[in-house]
Number of protein chains: 2
Amino acid sequence: MRKTQSPRRRSAPLIELGDLDERLGYFVRRLRVWVFQDFIQRLAAVDISPAQFSVLVVIGANPGLSQSQLAATLGIERARLVRLLHRLESRGLTQRLPSSADGRRHALQLTGDGDKVLAQARALAAEHEAALRKRLGPGPYRRLLETLRGL
Amino acid sequence: MRKTQSPRRRSAPLIELGDLDERLGYFVRRLRVWVFQDFIQRLAAVDISPAQFSVLVVIGANPGLSQSQLAATLGIERARLVRLLHRLESRGLTQRLPSSADGRRHALQLTGDGDKVLAQARALAAEHEAALRKRLGPGPYRRLLETLRGL
DNA sequence: ATGATATTGTTGACGTGGACAACAAATTTC
DNA sequence: GAAATTTGTTGTCCACGTCAACAATATCAT
């Protein structure tokens, strides 16, 4: 049996958040941390991070697009995308073809392997999403998603 | 006059997100990035980061609490908190007093300066929050906050 | 056409954040 | 009193966002 009434140890946390529970940013951070954790764990089998997944998905949906376009779409820096692509390309999942009309641009594409891995990742990501929906509750999940989409 | 029909340049982005707009994590990341950016900019005058702010607020609301308790409350690693406190302490905003009953623990407190800076930070954070509410719209903002609080 | 400007991809560097592992000191447990 | 646990700490690693600079290429102005 545990001590139940010690005032200094083992008592319930009773730590207050103060103004923190009026700060959206705080909760957004907490949510982001655990969503990403779950995603990473579930996609460990294919070794695809959230960022890599988003890159693969958008390339898959828009083959031939440029790195600038992709970076702008994802809201990341061109510099960061270069490194993401370096990794994916070294794993043989994506490729940079020369753009026909613009010597500066690269036309991004998935390789055959990229397609396969993306398909596996998609399945796992769907499980992740289902887990999220279950954990948050279907209602809040829907509201959340729809609210966030409108930005 | 601009070229309006060139299929390869200057046309509207028309980049599709693919499955991405069914992924909550993607939107959470986007939201988190811009919320934090706004926060950092608005609190640049007092040079307080989101993480530092949350530390100050919780210490202020629970003077004397330990680092383990604080870390658990904020959902960060003890190791990370050590470094946050190191900074804040070197700026003279917080202090670690010896805990009366437990030689391992530190009783965390704000200094006088800490109180003042926190007050300023709070005011700026309130402006930040107001900006968020305005940007998201009062309705979605409220829904978001209430949904996220229930975790 | 030619010179100025802008875009694209790239590299380097910096600071923050989260995750782990290990450790000494102190405390609790048995 | 020995074993296990907690607490604060340090070190390390990697992901991420940011910024500056640069060469190559393309566009714009006149």
# chains A, B, ... in the order shown; residues from 1 in each chain; ligands from 1
>>> closest_atom_pairs(of="chain D", to="chain B", cutoff="12 Å", atoms="only C-alpha atoms (C1' of nucleotides)", output="JSON lines")
{"residue": "D:DT6", "atom": "C1'", "partner": "B:Arg104", "partner_atom": "CA", "distance": 8.2}
{"residue": "D:DT7", "atom": "C1'", "partner": "B:Arg104", "partner_atom": "CA", "distance": 5.4}
{"residue": "D:DG8", "atom": "C1'", "partner": "B:Arg104", "partner_atom": "CA", "distance": 7.2}
{"residue": "D:DT9", "atom": "C1'", "partner": "B:Ala79", "partner_atom": "CA", "distance": 7.4}
{"residue": "D:DT10", "atom": "C1'", "partner": "B:Ala79", "partner_atom": "CA", "distance": 8.6}
{"residue": "D:DG11", "atom": "C1'", "partner": "B:Ala79", "partner_atom": "CA", "distance": 10.5}
{"residue": "D:DC16", "atom": "C1'", "partner": "B:Val33", "partner_atom": "CA", "distance": 10.5}
{"residue": "D:DG17", "atom": "C1'", "partner": "B:Val33", "partner_atom": "CA", "distance": 8.7}
{"residue": "D:DT18", "atom": "C1'", "partner": "B:Gln37", "partner_atom": "CA", "distance": 11.1}
{"residue": "D:DA26", "atom": "C1'", "partner": "B:Arg9", "partner_atom": "CA", "distance": 11.4}
{"residue": "D:DT27", "atom": "C1'", "partner": "B:Arg9", "partner_atom": "CA", "distance": 11.4}
{"residue": "D:DC28", "atom": "C1'", "partner": "B:Arg2", "partner_atom": "CA", "distance": 11.7}
>>> interface_residues(of="chain C", to="chain A", cutoff="9 Å", atoms="only C-alpha atoms (C1' of nucleotides)", output="compact mmCIF listing (two decimals) with N, CA and C atoms (P, O5', C5', C4', C3', O3' and C1' of nucleotides), in the first residue's frame")
# COMPACT_ATOMS: atom_id res chain seq x y z
P DT C 7 11.84 36.95 -58.08
O5' DT C 7 12.36 35.54 -58.61
C5' DT C 7 12.05 35.15 -59.93
C4' DT C 7 12.70 33.81 -60.23
C3' DT C 7 12.49 32.74 -59.16
O3' DT C 7 12.06 31.57 -59.82
C1' DT C 7 14.78 32.95 -59.68
P DT C 8 11.57 30.28 -59.04
O5' DT C 8 12.85 29.34 -59.00
C5' DT C 8 13.40 28.85 -60.21
C4' DT C 8 14.63 28.03 -59.92
C3' DT C 8 14.51 27.09 -58.73
O3' DT C 8 14.63 25.76 -59.17
C1' DT C 8 16.56 28.30 -58.67
P DG C 9 14.27 24.54 -58.17
O5' DG C 9 15.71 24.11 -57.66
C5' DG C 9 16.67 23.68 -58.62
C4' DG C 9 18.07 23.73 -58.03
C3' DG C 9 18.29 22.85 -56.79
O3' DG C 9 19.33 21.94 -57.07
C1' DG C 9 19.18 25.03 -56.46
P DT C 10 19.73 20.81 -55.98
O5' DT C 10 20.85 21.54 -55.12
C5' DT C 10 21.98 22.06 -55.79
C4' DT C 10 22.88 22.84 -54.85
C3' DT C 10 23.13 22.16 -53.51
O3' DT C 10 24.40 21.53 -53.56
C1' DT C 10 22.90 24.55 -53.33
P DT C 11 24.91 20.62 -52.38
O5' DT C 11 25.62 21.67 -51.42
C5' DT C 11 26.72 22.44 -51.90
C4' DT C 11 27.12 23.46 -50.85
C3' DT C 11 27.37 22.87 -49.46
O3' DT C 11 28.74 23.09 -49.11
C1' DT C 11 26.05 24.84 -49.33
P DG C 18 10.41 20.64 -27.57
O5' DG C 18 10.84 19.12 -27.83
C5' DG C 18 10.45 18.50 -29.04
C4' DG C 18 11.14 17.16 -29.17
C3' DG C 18 10.99 16.24 -27.95
O3' DG C 18 10.53 14.98 -28.39
C1' DG C 18 13.27 16.45 -28.55
>>> interface_residues(of="chain A", to="chain B", cutoff="7 Å", atoms="only C-alpha atoms", output="PyMOL selection string")
chain A and resi 15-20+23-25+27-29+32+35-36+54+57-58+61-62+129+140+144-145+147-149
>>> residues_around(residues="DC14 in chain D", least_positions_apart="3", cutoff="12 Å", atoms="only C-alpha atoms (C1' of nucleotides)", output="list in words")
DG17, DG18, DA19 and DC20 of chain C
>>> write_last_selection(atoms="C-alpha atoms (C1' of nucleotides)", output="mmCIF file, in the first residue's frame")
data_model
loop_
_atom_site.group_PDB
_atom_site.id
_atom_site.type_symbol
_atom_site.label_atom_id
_atom_site.label_comp_id
_atom_site.auth_asym_id
_atom_site.auth_seq_id
_atom_site.Cartn_x
_atom_site.Cartn_y
_atom_site.Cartn_z
ATOM 1 C "C1'" DG C 17 13.959 21.209 -29.671
ATOM 2 C "C1'" DG C 18 13.272 16.450 -28.553
ATOM 3 C "C1'" DA C 19 15.336 11.783 -27.338
ATOM 4 C "C1'" DC C 20 18.694 8.872 -24.971
#
>>> atom_distance(atom1="CA of Gly92 in chain B", atom2="CA of Glu77 in chain B")
22.4 Å
>>> select_by_dssp(residues="chain B", states="strand (DSSP E)", output="PyMOL selection string")
chain B and resi 94-98+106-110
>>> select_by_dssp(residues="range 77-126 of chain A", states="helix (DSSP H, G or I)", output="ChimeraX atom specification")
/A:78-90,112-126
>>> atom_distance(atom1="CA of Gly64 in chain B", atom2="CA of Ser100 in chain B")
10.1 Å
>>> atom_distance(atom1="C1' of DT12 in chain D", atom2="CA of Arg80 in chain B")
13.2 Å
>>> decode(residues="chain B", atoms="C-alpha atoms", output="tab-separated table (two decimals), in the first residue's frame")
chain	number	residue	atom	x	y	z
B	1	MET	CA	1.16	42.83	-69.34
B	2	ARG	CA	1.93	39.42	-67.99
B	3	LYS	CA	1.92	36.19	-69.85
B	4	THR	CA	-1.32	34.63	-68.81
B	5	GLN	CA	-1.41	31.28	-70.49
B	6	SER	CA	2.09	29.94	-70.29
B	7	PRO	CA	1.69	26.38	-69.12
B	8	ARG	CA	5.02	26.25	-67.43
B	9	ARG	CA	5.57	29.57	-65.69
B	10	ARG	CA	3.65	32.30	-63.87
B	11	SER	CA	0.47	30.35	-63.97
B	12	ALA	CA	-1.34	29.82	-60.69
B	13	PRO	CA	0.46	27.30	-58.49
B	14	LEU	CA	-2.09	24.53	-59.02
B	15	ILE	CA	0.05	22.25	-56.89
B	16	GLU	CA	-2.05	19.67	-55.16
B	17	LEU	CA	-1.51	18.55	-51.61
B	18	GLY	CA	-2.59	15.03	-52.38
B	19	ASP	CA	-3.50	13.02	-49.32
B	20	LEU	CA	-1.82	15.67	-47.25
B	21	ASP	CA	-5.02	17.55	-46.60
B	22	GLU	CA	-6.35	14.54	-44.78
B	23	ARG	CA	-3.37	14.47	-42.46
B	24	LEU	CA	-3.90	16.30	-39.23
B	25	GLY	CA	-0.19	16.30	-38.45
B	26	TYR	CA	0.56	18.36	-41.52
B	27	PHE	CA	-1.76	21.15	-40.49
B	28	VAL	CA	-0.64	20.97	-36.89
B	29	ARG	CA	2.90	21.55	-38.05
B	30	ARG	CA	1.92	24.52	-40.23
B	31	LEU	CA	-0.08	26.05	-37.42
B	32	ARG	CA	2.68	25.50	-34.90
B	33	VAL	CA	5.26	27.15	-37.14
B	34	TRP	CA	3.35	30.33	-37.62
B	35	VAL	CA	2.05	30.55	-34.07
B	36	PHE	CA	5.58	30.28	-32.77
B	37	GLN	CA	6.89	32.77	-35.30
B	38	ASP	CA	4.31	35.31	-34.23
B	39	PHE	CA	5.00	34.67	-30.57
B	40	ILE	CA	8.75	35.06	-30.97
B	41	GLN	CA	8.39	38.28	-32.93
B	42	ARG	CA	6.01	39.83	-30.47
B	43	LEU	CA	8.11	38.92	-27.47
B	44	ALA	CA	11.38	39.91	-29.09
B	45	ALA	CA	11.42	43.04	-26.93
B	46	VAL	CA	11.73	40.94	-23.77
B	47	ASP	CA	13.66	38.15	-25.52
B	48	ILE	CA	11.50	35.36	-24.16
B	49	SER	CA	10.88	32.24	-26.20
B	50	PRO	CA	7.68	30.20	-26.03
B	51	ALA	CA	9.46	27.55	-23.96
B	52	GLN	CA	10.94	30.12	-21.59
B	53	PHE	CA	7.59	31.78	-21.22
B	54	SER	CA	5.90	28.53	-20.25
B	55	VAL	CA	8.61	27.89	-17.67
B	56	LEU	CA	8.22	31.33	-16.12
B	57	VAL	CA	4.43	31.10	-16.05
B	58	VAL	CA	4.34	27.73	-14.31
B	59	ILE	CA	7.00	28.69	-11.78
B	60	GLY	CA	5.10	31.87	-11.11
B	61	ALA	CA	1.91	29.90	-10.54
B	62	ASN	CA	3.62	27.23	-8.43
B	63	PRO	CA	6.56	28.74	-6.57
B	64	GLY	CA	8.77	26.18	-4.90
B	65	LEU	CA	8.03	23.32	-7.26
B	66	SER	CA	10.78	20.98	-8.38
B	67	GLN	CA	12.35	20.60	-11.78
B	68	SER	CA	10.90	17.14	-12.23
B	69	GLN	CA	7.44	18.41	-11.50
B	70	LEU	CA	7.89	21.34	-13.83
B	71	ALA	CA	9.25	19.20	-16.63
B	72	ALA	CA	6.38	16.74	-16.26
B	73	THR	CA	3.84	19.56	-16.24
B	74	LEU	CA	5.22	21.08	-19.42
B	75	GLY	CA	5.78	17.77	-21.13
B	76	ILE	CA	9.49	18.32	-21.70
B	77	GLU	CA	12.55	16.33	-20.69
B	78	ARG	CA	14.28	17.03	-17.42
B	79	ALA	CA	17.49	17.44	-19.39
B	80	ARG	CA	15.96	20.11	-21.54
B	81	LEU	CA	14.56	21.96	-18.56
B	82	VAL	CA	17.99	22.09	-16.98
B	83	ARG	CA	19.24	24.07	-19.95
B	84	LEU	CA	16.24	26.35	-20.02
B	85	LEU	CA	16.73	27.14	-16.34
B	86	HIS	CA	20.42	27.68	-16.85
B	87	ARG	CA	19.63	30.45	-19.28
B	88	LEU	CA	16.90	32.03	-17.23
B	89	GLU	CA	19.04	31.89	-14.12
B	90	SER	CA	21.99	33.45	-15.90
B	91	ARG	CA	19.68	36.31	-16.83
B	92	GLY	CA	18.64	36.58	-13.21
B	93	LEU	CA	15.00	35.68	-13.80
B	94	THR	CA	14.74	32.45	-11.83
B	95	GLN	CA	16.56	30.84	-8.93
B	96	ARG	CA	17.00	27.35	-7.56
B	97	LEU	CA	16.71	27.27	-3.79
B	98	PRO	CA	17.59	24.17	-1.80
B	99	SER	CA	14.49	22.19	-0.95
B	100	SER	CA	13.91	22.03	2.78
B	101	ALA	CA	12.97	18.38	2.99
B	102	ASP	CA	14.65	16.75	0.02
B	103	GLY	CA	18.32	17.22	-0.65
B	104	ARG	CA	17.93	16.27	-4.28
B	105	ARG	CA	15.27	18.77	-5.19
B	106	HIS	CA	15.49	22.40	-6.01
B	107	ALA	CA	12.68	24.75	-5.08
B	108	LEU	CA	12.16	26.95	-8.12
B	109	GLN	CA	11.27	30.59	-7.77
B	110	LEU	CA	11.08	33.75	-9.79
B	111	THR	CA	13.36	36.60	-8.83
B	112	GLY	CA	12.11	40.15	-8.61
B	113	ASP	CA	13.39	40.70	-12.12
B	114	GLY	CA	11.71	37.49	-13.15
B	115	ASP	CA	8.41	38.82	-11.93
B	116	LYS	CA	8.82	42.04	-13.85
B	117	VAL	CA	9.88	40.37	-17.06
B	118	LEU	CA	7.07	37.86	-16.76
B	119	ALA	CA	4.58	40.68	-16.38
B	120	GLN	CA	5.86	42.33	-19.56
B	121	ALA	CA	5.93	39.00	-21.35
B	122	ARG	CA	2.38	38.30	-20.27
B	123	ALA	CA	1.18	41.55	-21.77
B	124	LEU	CA	2.89	40.81	-25.07
B	125	ALA	CA	1.68	37.21	-25.01
B	126	ALA	CA	-1.86	38.52	-24.58
B	127	GLU	CA	-1.41	40.60	-27.72
B	128	HIS	CA	-0.11	37.56	-29.49
B	129	GLU	CA	-3.13	35.58	-28.37
B	130	ALA	CA	-5.43	38.35	-29.55
B	131	ALA	CA	-3.70	38.32	-32.92
B	132	LEU	CA	-4.25	34.58	-33.13
B	133	ARG	CA	-7.90	34.92	-32.28
B	134	LYS	CA	-8.30	37.59	-34.89
B	135	ARG	CA	-6.47	35.67	-37.55
B	136	LEU	CA	-8.30	32.41	-36.98
B	137	GLY	CA	-11.60	34.05	-36.31
B	138	PRO	CA	-13.13	34.09	-32.82
B	139	GLY	CA	-15.22	31.00	-33.40
B	140	PRO	CA	-12.57	28.66	-34.74
B	141	TYR	CA	-10.11	30.00	-32.19
B	142	ARG	CA	-12.38	29.09	-29.32
B	143	ARG	CA	-13.20	25.70	-30.70
B	144	LEU	CA	-9.54	25.00	-31.28
B	145	LEU	CA	-8.53	26.00	-27.79
B	146	GLU	CA	-11.27	24.00	-26.13
B	147	THR	CA	-10.65	20.94	-28.25
B	148	LEU	CA	-6.94	20.98	-27.55
B	149	ARG	CA	-7.43	21.50	-23.83
B	150	GLY	CA	-9.12	18.13	-23.62
B	151	LEU	CA	-6.14	15.83	-23.96
